[in-house]
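Here the structure comes first, spelled out in structure tokens, and everything after it is commentary.
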Amino acid sequence: MKKYDLIVIGGGSGGLTAAIGSAQFGARVALIEKDDEPGGDCLHYGCVPSKTYIKAAKEIYHARLAAGTYGFSLGGKTDFSVVKKRVKEAISEIQPHDSRERLRSLGIDEYKGFASFRSKHEVSIDGSETIYGKRIVIATGSRPAIPPIEGIEHIPYYTNETIFDIEEVPDSLVVIGAGPVGIELAQAMSRLGADVTVVDHSPDLMAQEEWEIRERAREKLTEEIRFIFSARIVEVKKDGGTLYLMAEDEDHGTSVLECDALLIAAGRKPNVENLNLEHAEVKVEDGRIEVNGKMQTSMKNIFACGDVTGDYPFTHAAGMEGKSIVANAIFGLRRHTDYTHFAYVIYTDPEVFHLGLTEKQARDQYQDEIHVYKVKGEDVDRFVAERDKDAFMKIITDKKGVIVGAHAIGTSAGDWMQQVIFAKQHGHKLKDISSVVHPYPARAEIVSKAADEYWRRRLFTGTIPKITRKYIKWFR
Ligand SMILES: Cc1cc2nc3c(=O)[nH]c(=O)nc-3n(C[C@H](O)[C@H](O)[C@H](O)COP(=O)(O)OP(=O)(O)OC[C@H]3O[C@@H](n4cnc5c(N)ncnc54)[C@H](O)[C@@H]3O)c2cc1C
Ligand SMILES: NC(=O)c1ccc[n+]([C@@H]2O[C@H](COP(=O)([O-])OP(=O)(O)OC[C@H]3O[C@@H](n4cnc5c(N)ncnc54)[C@H](O)[C@@H]3O)[C@@H](O)[C@H]2O)c1
């Protein structure tokens, strides 16, 4: 039986980081991936294809808007085969980075097949070959959760695993789920030509976002998408080419939605099945693998990262957790994964950026001893010049000015807010950003406006102006 320092199950963002990091430090590593090529959800069915869709949709939408603005007309239908081609090209250009060849070139033994445990140190591949690992990583990711709806097994529907393969944009599309997957794809599909309705059983979208951001996002998105909140699809039927979806809505009772296609984006289910976790005494709690801060499962030599743990289902979280595993599983360190400065972006247009506490969370945590700084796009020259004034940003600090939360909405918000992640992570105060000179007229100036406001409140109110006035008089 072949023996390894580390066996990694799953070649997505988490597994690849753990395997490549460990091999680069000299560990003997095996990676088992069931699909033809590694890369996982992010490369094949998630981040990458969705961002290519979003970009194509955005270009088409803004071209049409621009035509209206500048007095000419743009007609015609999108050639969807071009969009699909661009998706394929994007995946295949990134694939070499995550390929079996690259893993081999790094000295990793890659296996193709479905992995399952035989014991706490033994993993079998497709039930045949068995290999031994001193330490093992479970990075099997997640799949779309399909809600229990009567008749769902008898109708065709899309998930993120199939929506990037469609031949044509449907005339009408219902999306179940207003989470990041649902709204990013709903907006893209609407811009590509579908009439889109999003149904969610929660009362609003983006419940975890700062309320002013949520309101602005809802206002913008409802210009393009119809939302039905507090509603549940309870039954589905197909007649000819049409789908009939029975929706139960708290306010309006039962109604029937007709559409050509259905996309299910109702959350994720960690991939824990058929791994024979009981052979390794790895505990599953609420359908996901339980880990401690060191990413260790209930069995000390077995670690888990990424979507299979369920807590932070993001590519960059899986990567961060994979790095902790390299430190803990290969070097025996006690590194805890720290999510204090974890940020994410929802890639709608406009983008939504989230870092740290919301104002409400900060008020609760710091007993109201916080400062809140808000800047609107209409106060920043670049947004005004480009006639794109919907941007909004809020930074929350503790009473000493240390950043505890930052939230924004606007074109490319995910890019211009990066500096705040850096500042927060390195313990800088908001005032420090004020001394950074931002090239004029960068959108990032919105952040320095908040920092300027920090100084304005301290310098130009209270006793300081009285003293400086006296000094200037004397100095004359
Ligand atoms: C539409 C969509 C858009 C997204 N956009 C973003 C985004 O913009 N930014 C972001 O941060 N996140 C995004 N995400 C989330 C991101 O894709 C996931 O958080 C990330 O892929 C999780 O990585 P992972 O390594 O845990 O799992 P995965 O990437 O799913 O990898 C798991 C791998 O394990 C393999 N596997 C599973 N079981 C076995 C087994 N028993 N044996 C062998 N191999 C196995 C699978 O084939 C797969 O390759 C998006 C998700 C979706 C669905
Ligand atoms: N830009 C990004 O970083 C990005 C993009 C896409 C996905 N992701 C990650 O992927 C994860 C999964 O995203 P998601 O949107 O699939 O899941 P989610 O859990 O975030 O959202 C699912 C939504 O579906 C609704 N829902 C669930 N069951 C329903 C039902 N039966 N009827 C009506 N509504 C129902 C929920 O109320 C929720 O609003 C996210 O948490 C995110 O971390 C990230």
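Numbering starts fresh at 1 for the residues of each chain in the structure tokens, the chains themselves are lettered A, B, ... in the order given, and ligands are numbered from 1 as they appear.
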
Go through chain A residue by residue and, counting only C-alpha atoms and all ligand atoms, keep those with an atom at most 6 Å from ligand 1; for each kept residue give the shortest atom pair and its distance in Å to one decimal, ordered by chain and increasing number, as a Markdown table.
| residue | atom | partner | partner_atom_place_in_ligand_line | distance |
| --- | --- | --- | --- | --- |
| A:Ile9 | CA | ligand 1 | 43 (C) | 5.3 |
| A:Gly10 | CA | ligand 1 | 34 (O) | 3.2 |
| A:Gly11 | CA | ligand 1 | 49 (O) | 4.7 |
| A:Gly12 | CA | ligand 1 | 31 (O) | 3.3 |
| A:Ser13 | CA | ligand 1 | 25 (O) | 3.9 |
| A:Gly14 | CA | ligand 1 | 25 (O) | 3.7 |
| A:Gly15 | CA | ligand 1 | 25 (O) | 5.4 |
| A:Ile32 | CA | ligand 1 | 43 (C) | 5.1 |
| A:Glu33 | CA | ligand 1 | 44 (N) | 3.7 |
| A:Lys34 | CA | ligand 1 | 44 (N) | 4.1 |
| A:Asp35 | CA | ligand 1 | 47 (O) | 5.0 |
| A:Pro38 | CA | ligand 1 | 49 (O) | 5.4 |
| A:Gly39 | CA | ligand 1 | 49 (O) | 5.7 |
| A:Gly40 | CA | ligand 1 | 49 (O) | 3.4 |
| A:Asp41 | CA | ligand 1 | 29 (O) | 3.9 |
| A:Cys42 | CA | ligand 1 | 17 (O) | 3.6 |
| A:Gly46 | CA | ligand 1 | 2 (C) | 3.4 |
| A:Cys47 | CA | ligand 1 | 5 (N) | 3.4 |
| A:Ser50 | CA | ligand 1 | 1 (C) | 5.7 |
| A:Gly113 | CA | ligand 1 | 43 (C) | 5.8 |
| A:Phe114 | CA | ligand 1 | 42 (N) | 3.7 |
| A:Ala115 | CA | ligand 1 | 42 (N) | 3.9 |
| A:Ser116 | CA | ligand 1 | 41 (N) | 6.0 |
| A:Ala139 | CA | ligand 1 | 25 (O) | 5.4 |
| A:Thr140 | CA | ligand 1 | 34 (O) | 3.7 |
| A:Gly141 | CA | ligand 1 | 27 (O) | 3.2 |
| A:Ser142 | CA | ligand 1 | 30 (O) | 5.4 |
| A:Asn160 | CA | ligand 1 | 1 (C) | 5.1 |
| A:Val181 | CA | ligand 1 | 1 (C) | 4.9 |
| A:Leu275 | CA | ligand 1 | 41 (N) | 5.7 |
| A:Gly306 | CA | ligand 1 | 26 (O) | 3.2 |
| A:Asp307 | CA | ligand 1 | 26 (O) | 3.9 |
| A:Val308 | CA | ligand 1 | 26 (O) | 5.8 |
| A:Pro313 | CA | ligand 1 | 19 (O) | 4.0 |
| A:Phe314 | CA | ligand 1 | 19 (O) | 3.3 |
| A:Thr315 | CA | ligand 1 | 11 (O) | 3.8 |
| A:His316 | CA | ligand 1 | 11 (O) | 5.2 |
| A:Ala318 | CA | ligand 1 | 26 (O) | 5.4 |

Task: Exercise answer, 9 Å around ligand 2 with only C-alpha atoms and all ligand atoms, as a PyMOL selection string - done: chain A and resi 46-47+50-51+143-149+160+175-185+198-207+229-234+264-268+307+310-316+344-348+351-352

Write out, as a tab-separated table, each residue of range 396-429 of chain A that has an atom at most 7 Å from range 361-376 of chain A, together with the closest pair of atoms and their distance in Å to one decimal, counting only C-alpha atoms, rows going by chain and rising number.
residue	atom	partner	partner_atom	distance
A:Ile396	CA	A:Val372	CA	4.7
A:Thr397	CA	A:His371	CA	5.2
A:Asp398	CA	A:Ile370	CA	4.5
A:Lys399	CA	A:Ile370	CA	5.0

Task: Shell of 7 Å around range 430-447 of chain A, only C-alpha atoms, local chain residues under 2 positions omitted, as JSON, numbers by chain - done: {"A": [375, 380, 381, 382, 383, 401, 402, 403, 416, 428, 449, 450, 451, 452, 454, 455]}

- [ ] Using DSSP on the backbone coordinates, identify all residues within range 115-363 of chain A classified as alpha helix (DSSP H); present the result as a ChimeraX atom specification.
- [x] /A:180-191,211-221,315-325,331,359-363

- [ ] Could you tell me which of A:Ala413, A:Ala18, A:Val236, A:Leu277 comes closest to Gly377 in chain A if we count only C-alpha atoms?
- [x] A:Ala413

Open item on the list: With distances taken over only C-alpha atoms, which residue among A:Met417, A:Ile94, A:Ile228, A:Met246 lies nearest Phe392 in chain A?
Closed with: A:Met417

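Here CA of Ala27 in chain A stands at a distance of 9.7 Å from CA of Val326 in chain A.
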
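Minimum atom-to-atom distances from A:Ile155, A:Leu16, A:Ile289, A:Asn276 to Leu245 in chain A were compared using only C-alpha atoms, and the lowest value belongs to A:Ile155.
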
Task: All residues 10 Å or closer to Ile302 in chain A, only C-alpha atoms, same chain fewer than 3 positions away omitted, as a PyMOL selection string - done: chain A and resi 6-8+120-121+133-138+280-282+291+295-299+325+329

Within 10 Å of Arg28 in chain A, counting only C-alpha atoms, which residues qualify if same-chain residues fewer than 5 places away don't, as an mmCIF file with all heavy atoms, in the first residue's frame?
data_model
loop_
_atom_site.group_PDB
_atom_site.id
_atom_site.type_symbol
_atom_site.label_atom_id
_atom_site.label_comp_id
_atom_site.auth_asym_id
_atom_site.auth_seq_id
_atom_site.Cartn_x
_atom_site.Cartn_y
_atom_site.Cartn_z
ATOM 1 N N LYS A 3 2.124 4.924 0.829
ATOM 2 C CA LYS A 3 1.971 5.721 2.059
ATOM 3 C C LYS A 3 2.288 7.192 1.798
ATOM 4 O O LYS A 3 3.232 7.507 1.072
ATOM 5 C CB LYS A 3 2.907 5.177 3.130
ATOM 6 C CG LYS A 3 2.521 3.783 3.592
ATOM 7 C CD LYS A 3 3.148 3.453 4.912
ATOM 8 C CE LYS A 3 2.469 2.197 5.452
ATOM 9 N NZ LYS A 3 2.929 1.811 6.734
ATOM 10 N N TYR A 4 1.480 8.050 2.388
ATOM 11 C CA TYR A 4 1.637 9.496 2.180
ATOM 12 C C TYR A 4 1.620 10.235 3.515
ATOM 13 O O TYR A 4 1.030 9.775 4.490
ATOM 14 C CB TYR A 4 0.480 10.022 1.316
ATOM 15 C CG TYR A 4 0.515 9.470 -0.086
ATOM 16 C CD1 TYR A 4 -0.229 8.338 -0.417
ATOM 17 C CD2 TYR A 4 1.314 10.051 -1.068
ATOM 18 C CE1 TYR A 4 -0.192 7.815 -1.698
ATOM 19 C CE2 TYR A 4 1.351 9.532 -2.353
ATOM 20 C CZ TYR A 4 0.607 8.416 -2.667
ATOM 21 O OH TYR A 4 0.662 7.902 -3.938
ATOM 22 N N ASP A 5 2.267 11.406 3.510
ATOM 23 C CA ASP A 5 2.142 12.295 4.675
ATOM 24 C C ASP A 5 0.725 12.870 4.706
ATOM 25 O O ASP A 5 0.163 13.096 5.773
ATOM 26 C CB ASP A 5 3.133 13.473 4.566
ATOM 27 C CG ASP A 5 4.570 13.003 4.568
ATOM 28 O OD1 ASP A 5 4.901 12.151 5.417
ATOM 29 O OD2 ASP A 5 5.344 13.445 3.695
ATOM 30 N N LEU A 6 0.192 13.122 3.493
ATOM 31 C CA LEU A 6 -1.135 13.750 3.413
ATOM 32 C C LEU A 6 -1.910 13.217 2.218
ATOM 33 O O LEU A 6 -1.390 13.200 1.100
ATOM 34 C CB LEU A 6 -0.974 15.272 3.249
ATOM 35 C CG LEU A 6 -2.239 16.112 3.422
ATOM 36 C CD1 LEU A 6 -2.651 16.187 4.893
ATOM 37 C CD2 LEU A 6 -2.034 17.534 2.897
ATOM 38 N N ILE A 7 -3.153 12.794 2.491
ATOM 39 C CA ILE A 7 -4.070 12.471 1.384
ATOM 40 C C ILE A 7 -5.132 13.568 1.372
ATOM 41 O O ILE A 7 -5.711 13.893 2.419
ATOM 42 C CB ILE A 7 -4.770 11.112 1.600
ATOM 43 C CG1 ILE A 7 -3.753 9.954 1.608
ATOM 44 C CG2 ILE A 7 -5.821 10.877 0.515
ATOM 45 C CD1 ILE A 7 -4.375 8.599 1.933
ATOM 46 N N ALA A 19 -3.157 20.610 -0.785
ATOM 47 C CA ALA A 19 -2.252 19.660 -1.436
ATOM 48 C C ALA A 19 -1.009 20.363 -1.968
ATOM 49 O O ALA A 19 0.124 19.942 -1.702
ATOM 50 C CB ALA A 19 -2.987 18.949 -2.580
ATOM 51 N N SER A 22 1.281 21.799 0.819
ATOM 52 C CA SER A 22 2.001 20.744 1.545
ATOM 53 C C SER A 22 3.123 20.168 0.694
ATOM 54 O O SER A 22 4.234 19.943 1.174
ATOM 55 C CB SER A 22 1.030 19.622 1.941
ATOM 56 O OG SER A 22 -0.017 20.160 2.713
ATOM 57 N N ALA A 23 2.836 19.937 -0.593
ATOM 58 C CA ALA A 23 3.854 19.364 -1.478
ATOM 59 C C ALA A 23 5.021 20.336 -1.647
ATOM 60 O O ALA A 23 6.180 19.923 -1.665
ATOM 61 C CB ALA A 23 3.234 19.037 -2.834
ATOM 62 N N GLY A 107 4.965 17.166 -7.968
ATOM 63 C CA GLY A 107 5.325 15.974 -7.194
ATOM 64 C C GLY A 107 4.158 15.343 -6.450
ATOM 65 O O GLY A 107 4.344 14.493 -5.568
ATOM 66 N N ILE A 108 2.945 15.758 -6.786
ATOM 67 C CA ILE A 108 1.754 15.204 -6.118
ATOM 68 C C ILE A 108 1.273 13.980 -6.895
ATOM 69 O O ILE A 108 1.196 14.021 -8.133
ATOM 70 C CB ILE A 108 0.637 16.277 -6.045
ATOM 71 C CG1 ILE A 108 1.098 17.450 -5.166
ATOM 72 C CG2 ILE A 108 -0.687 15.690 -5.532
ATOM 73 C CD1 ILE A 108 0.226 18.675 -5.225
ATOM 74 N N ASP A 109 0.951 12.900 -6.184
ATOM 75 C CA ASP A 109 0.356 11.743 -6.860
ATOM 76 C C ASP A 109 -1.142 12.012 -6.975
ATOM 77 O O ASP A 109 -1.838 12.118 -5.965
ATOM 78 C CB ASP A 109 0.559 10.465 -6.023
ATOM 79 C CG ASP A 109 1.961 9.907 -6.216
ATOM 80 O OD1 ASP A 109 2.721 10.474 -7.027
ATOM 81 O OD2 ASP A 109 2.292 8.919 -5.536
ATOM 82 N N GLY A 133 -2.657 7.336 4.567
ATOM 83 C CA GLY A 133 -2.269 8.721 4.847
ATOM 84 C C GLY A 133 -2.080 8.917 6.335
ATOM 85 O O GLY A 133 -2.949 8.569 7.124
ATOM 86 N N ILE A 330 0.886 19.488 8.427
ATOM 87 C CA ILE A 330 2.244 19.156 7.960
ATOM 88 C C ILE A 330 3.296 19.554 8.985
ATOM 89 O O ILE A 330 4.264 18.842 9.212
ATOM 90 C CB ILE A 330 2.515 19.852 6.594
ATOM 91 C CG1 ILE A 330 1.497 19.360 5.556
ATOM 92 C CG2 ILE A 330 3.931 19.626 6.099
ATOM 93 C CD1 ILE A 330 1.499 17.851 5.314
#

Task: strand (DSSP E or B) per DSSP on the backbone: members of range 107-222 of chain A, as a ChimeraX atom specification - done: /A:109-112,115-117,122-125,129-138,142-144,150,158,172-176,195-199

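Comparing A:Ala194, A:Ala217, A:Ile421, A:Ile54 by their smallest distance to Cys259 in chain A, the closest is A:Ala194 (using only C-alpha atoms).
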
Open item on the list: If I take CA of His44 in chain A and CA of Lys58 in chain A, how far is one from the other in Å, to one decimal?
Closed with: 20.9 Å

TODO: List the neighbours of Ile163 in chain A out to 10 Å using only C-alpha atoms; skip same-chain residues closer than 2 positions along the sequence, and give me the result as a PyMOL selection string.
DONE: chain A and resi 45+49-50+157-161+165-167+169+185+189+262-264

Task: Selection: 10 Å around Val82 in chain A, only C-alpha atoms, excl. self and same-chain fewer than 5 positions, as a VMD selection string - done: chain A and resid 56 87 to 88
